[in-house]
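Notes follow once the structure below has been shown.
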Amino acid sequence: MTRTDDRKEADDTGPSGYAAARLHLLNQGVRSGPPRRTALSGLTDDWLTGLFTAAAPAGPSSKGVSLVAVGGYGRGELSPRSDLDLLLLHDGSDPAAVAALADRLWYPVWDLGISLDHSVRTPAEARKTAGEDLKVQLGLLDARHLAGDLGLTAGLRTAILADWRNQAPKRLPELQELCAERAERHGELRFLLEPDLKEARGGLRDVTALRAVAASWLADAPREGLADARRRLLDARDALHLVTGRATDRLALQEQDQVAAELGLLDADTLLRQVYEAARVISYAGDVTWREVGRVLRARAVRPRLRAMLGGGKPVAERSPLAEGVVEQDGEAVLARTARPERDPVLPLRAAAAAAQAALPLSPHAVRRMAATTRPLPTPWPAEAREQLITLLGSGRPTVDVWEALEAEGLITRLLPDWERVRCRPQRNAVHLWTVDRHLIETAVRASALTRRVSRPDLLLVAALLHDIGKGWPGDHSVAGEIIAKDVAARLGFDRADVTVLATLVRHHLLLVETATRRDLDDPATVRAVADAVGSESTLELLHALTEADALATGPAAWSTWRASLVTDLVRRAAAVLAGEHSGTEPEPGAPTAEQERLAIEAHRTGGPVLALRAQAEPGPPEESAETGEPLGVELLIAVPDQPGVLPALAGVLALHRLTVRTGGLRTLRLPDDVDASDDGSVLLLDWRVAAEYGSLPQATRLRADLVRALDGSLDIASRLAERDAAYPRRRGRTAPPPRVTVAPAASRHATVIEVRAQDAPGLLFRIGTALEKAAVRVRSMHVSTLGANAVDAFYVTSGTGAPLPPEDATATARALEEALRA
């Protein structure tokens, strides 16, 4: 039966004809989706128009009265069991006649068992009610004329839209609050096993709210994918109504297979994944839209004052640098004017890391531009790309929103193709709060708070991202994940040893909790099996932190004090078994290179520091052009006669010049016997790799001049750094885990090893060096590394006589250093 046939049958036979035509239409599977909703709305329009024409005293064009569809019916979104939202609009000239007309309209609808949300009002009453009730106003924004006085309907639509736009600064915050309250009650659609397709966050109500925002002309939602997401949710609701025979929006577990079959989908998981993907698009559009609404309203509030202060001139938006090619503007991380995404394949990760570190949203316009123009990263990734990914993962809670921004434009699956299988994948275990992909990000967020507990936070964070990457493949996801993790880690540019560790962590990410809760820990075979599977103390340390992060990211039922104590006990026992695998001695440093020896002799001869800068670029594959390997900074070689204060002086000078220390080493070098030395001929040799936070690197002559001044005391580094910190207030919304300083027992026979794990920041190494100087210890060597946003430094210190510190002195030094860093 065609749509014309539907209408003819409804017109010819009255209510019973409409009921038959409606039933026939809903049983036509070939007309599901938007065509069926359009046909059902048209069929209902014709039936109600017929009722109105038959009941209205002056015929179909009755003056002073009209029938108006509002809400979902006004938008033409009739599902099989949808309510009919109707307004009988009149001019107030004949209330009795309007009441009689209403009875002739409403009773036939009720007789058919169709739910009806109805009202009878004059235009003035409708506007007054809309002004008092936000939900009424939202329904009237979608008003659509059905029958009667078209001018009366058009006048109301014009007035309602004008009221909405005039009142937008007041009503939009109310609407945002309404959306937030609804989300709090119903949860996030994209993570629920039994989601409410209409009321949950990311559902159909939110789409209506976005339409209302667009109607205000104040802001508009991102359009990409939004219409398709709305269609998918409406299709799912249609199928749910047909399967259940009820006007329900909750997709219950027991009905999901039937709904999937009605939609022609493979199974319930496929259905949920489609629903989750739609909800993600809607949620992200809502986040962007409400952020833009807030920005516009703030600008409107501030602009008059700014204009008065600037004499009527147009204010210029401030742009503060965040990283190379990335700046902050209007509370967002945006691309700098000089940024060239087409030449900088690392830019998406650098921008994302900078935004997350600053706890700022990443501009959707910037993400869209990068997605359209940025070239793929080479394989393996450049070291900078890997470091920026680690920084992003280690940024805590802000990582979630930044990751979602990248996901919205397809950048995540472009960077990590294996992500596609876990994206929006549901988890049928009620213990899990999140989909697989969100669980992986949530685990990284939890792991970022545990980075002080491990010597390789970069491996912890990447393992957190990949530990469930095997879900969606046949068989044990840990086994499949191990294979995927090896491939991903190699593509990210990790060396062979690190690839092996990451694969081990993914393969055994459930080992500790399962063994601790299901096996006898007093059985030596149990502990030995764990030790054999893990292989080393450092891997065990990482696995312990990953286990806790994974459990905390799963949900409240997955972790408890009891489970934590069992896992800790197992780790302690396994560590005791593995302890014999390490010698605990410090490796002897290799012989100096010819250049290092030359610099040392020159420093001794001149009595001052000598330095050399040597640019180093990340090598790319032979077929890539020279611009593929982006400069990672320079190798900074410094030789200076051994004297107190060298470490804090150099670290402070680098911080003042906005240079980040990526890796660094310090050693004492004895000059050759043939060098004429009036003293013992000792020279400190520092070999560091540094990079500019943004902009270009300073000249070597300026670095040397400031280092000389720092060593002789004429440059007050502490005051200069304090002034700079005061000029840049700390960001709100993100709290880094506190620093941790420990003594590594038996790590060296020649020195005491003090390990520092802290949030990387300008001046951190200067503060460490200053604290060690105050503790009157001598730094024999140091090993500095920056892993993402984390500094992991080891300092080999001795007493003035060159011997390791007594245990009590070592503990006191570590405590004093930690207190200095916390301050």
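Chain lettering (A, B, ...) mirrors the order of the structure tokens, residue numbering begins at 1 for each chain separately, and ligand numbering begins at 1 in order of display.
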Note to self: Can you pull out the residues contacting region 471-476 of chain A? Cut-off 9 Å, using only C-alpha atoms, and skip same-chain residues under 3 positions away; I want them as an NGL selection string.
What the structure shows: :A and (421-422 or 425 or 436 or 468 or 479-481)
Please produce an output containing N, CA and C atoms for each residue in the selection, written as a CSV table (one decimal), in the first residue's frame.
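Result file follows (selection_11.csv):
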```
chain,number,residue,atom,x,y,z
A,421,ARG,N,38.4,-1.9,16.9
A,421,ARG,CA,37.7,-3.1,17.4
A,421,ARG,C,37.2,-2.9,18.8
A,422,VAL,N,37.8,-2.0,19.6
A,422,VAL,CA,37.3,-1.8,21.0
A,422,VAL,C,36.5,-0.6,21.1
A,425,ARG,N,32.7,-0.7,22.2
A,425,ARG,CA,32.3,-2.1,22.4
A,425,ARG,C,31.7,-2.3,23.8
A,436,VAL,N,34.6,-0.8,26.4
A,436,VAL,CA,36.0,-1.3,26.5
A,436,VAL,C,36.9,-0.1,26.2
A,468,ASP,N,43.4,-4.2,27.5
A,468,ASP,CA,42.2,-4.9,27.0
A,468,ASP,C,42.0,-4.8,25.5
A,479,VAL,N,45.5,-13.2,25.5
A,479,VAL,CA,46.4,-13.8,24.5
A,479,VAL,C,46.4,-13.0,23.2
A,480,ALA,N,45.2,-12.7,22.8
A,480,ALA,CA,45.1,-11.8,21.5
A,480,ALA,C,45.8,-10.5,21.8
A,481,GLY,N,45.6,-9.9,23.0
A,481,GLY,CA,46.1,-8.6,23.3
A,481,GLY,C,47.6,-8.6,23.3
```
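When only C-alpha atoms are used to measure the gap to Tyr796 (chain A), the shortest distance among A:Glu755, A:Glu318, A:Glu181, A:Glu541 belongs to A:Glu755.
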Notebook entry, point to check: Smallest atom-to-atom distance to Ala574 (chain A): which of A:Leu67, A:Ala531, A:Leu84, A:Ala301, using only C-alpha atoms?
Noted result: A:Ala531
Check: Just how far from CA of Ala503 (chain A) is CA of Ser536 (chain A), in Å to one decimal?
Finding: 13.7 Å
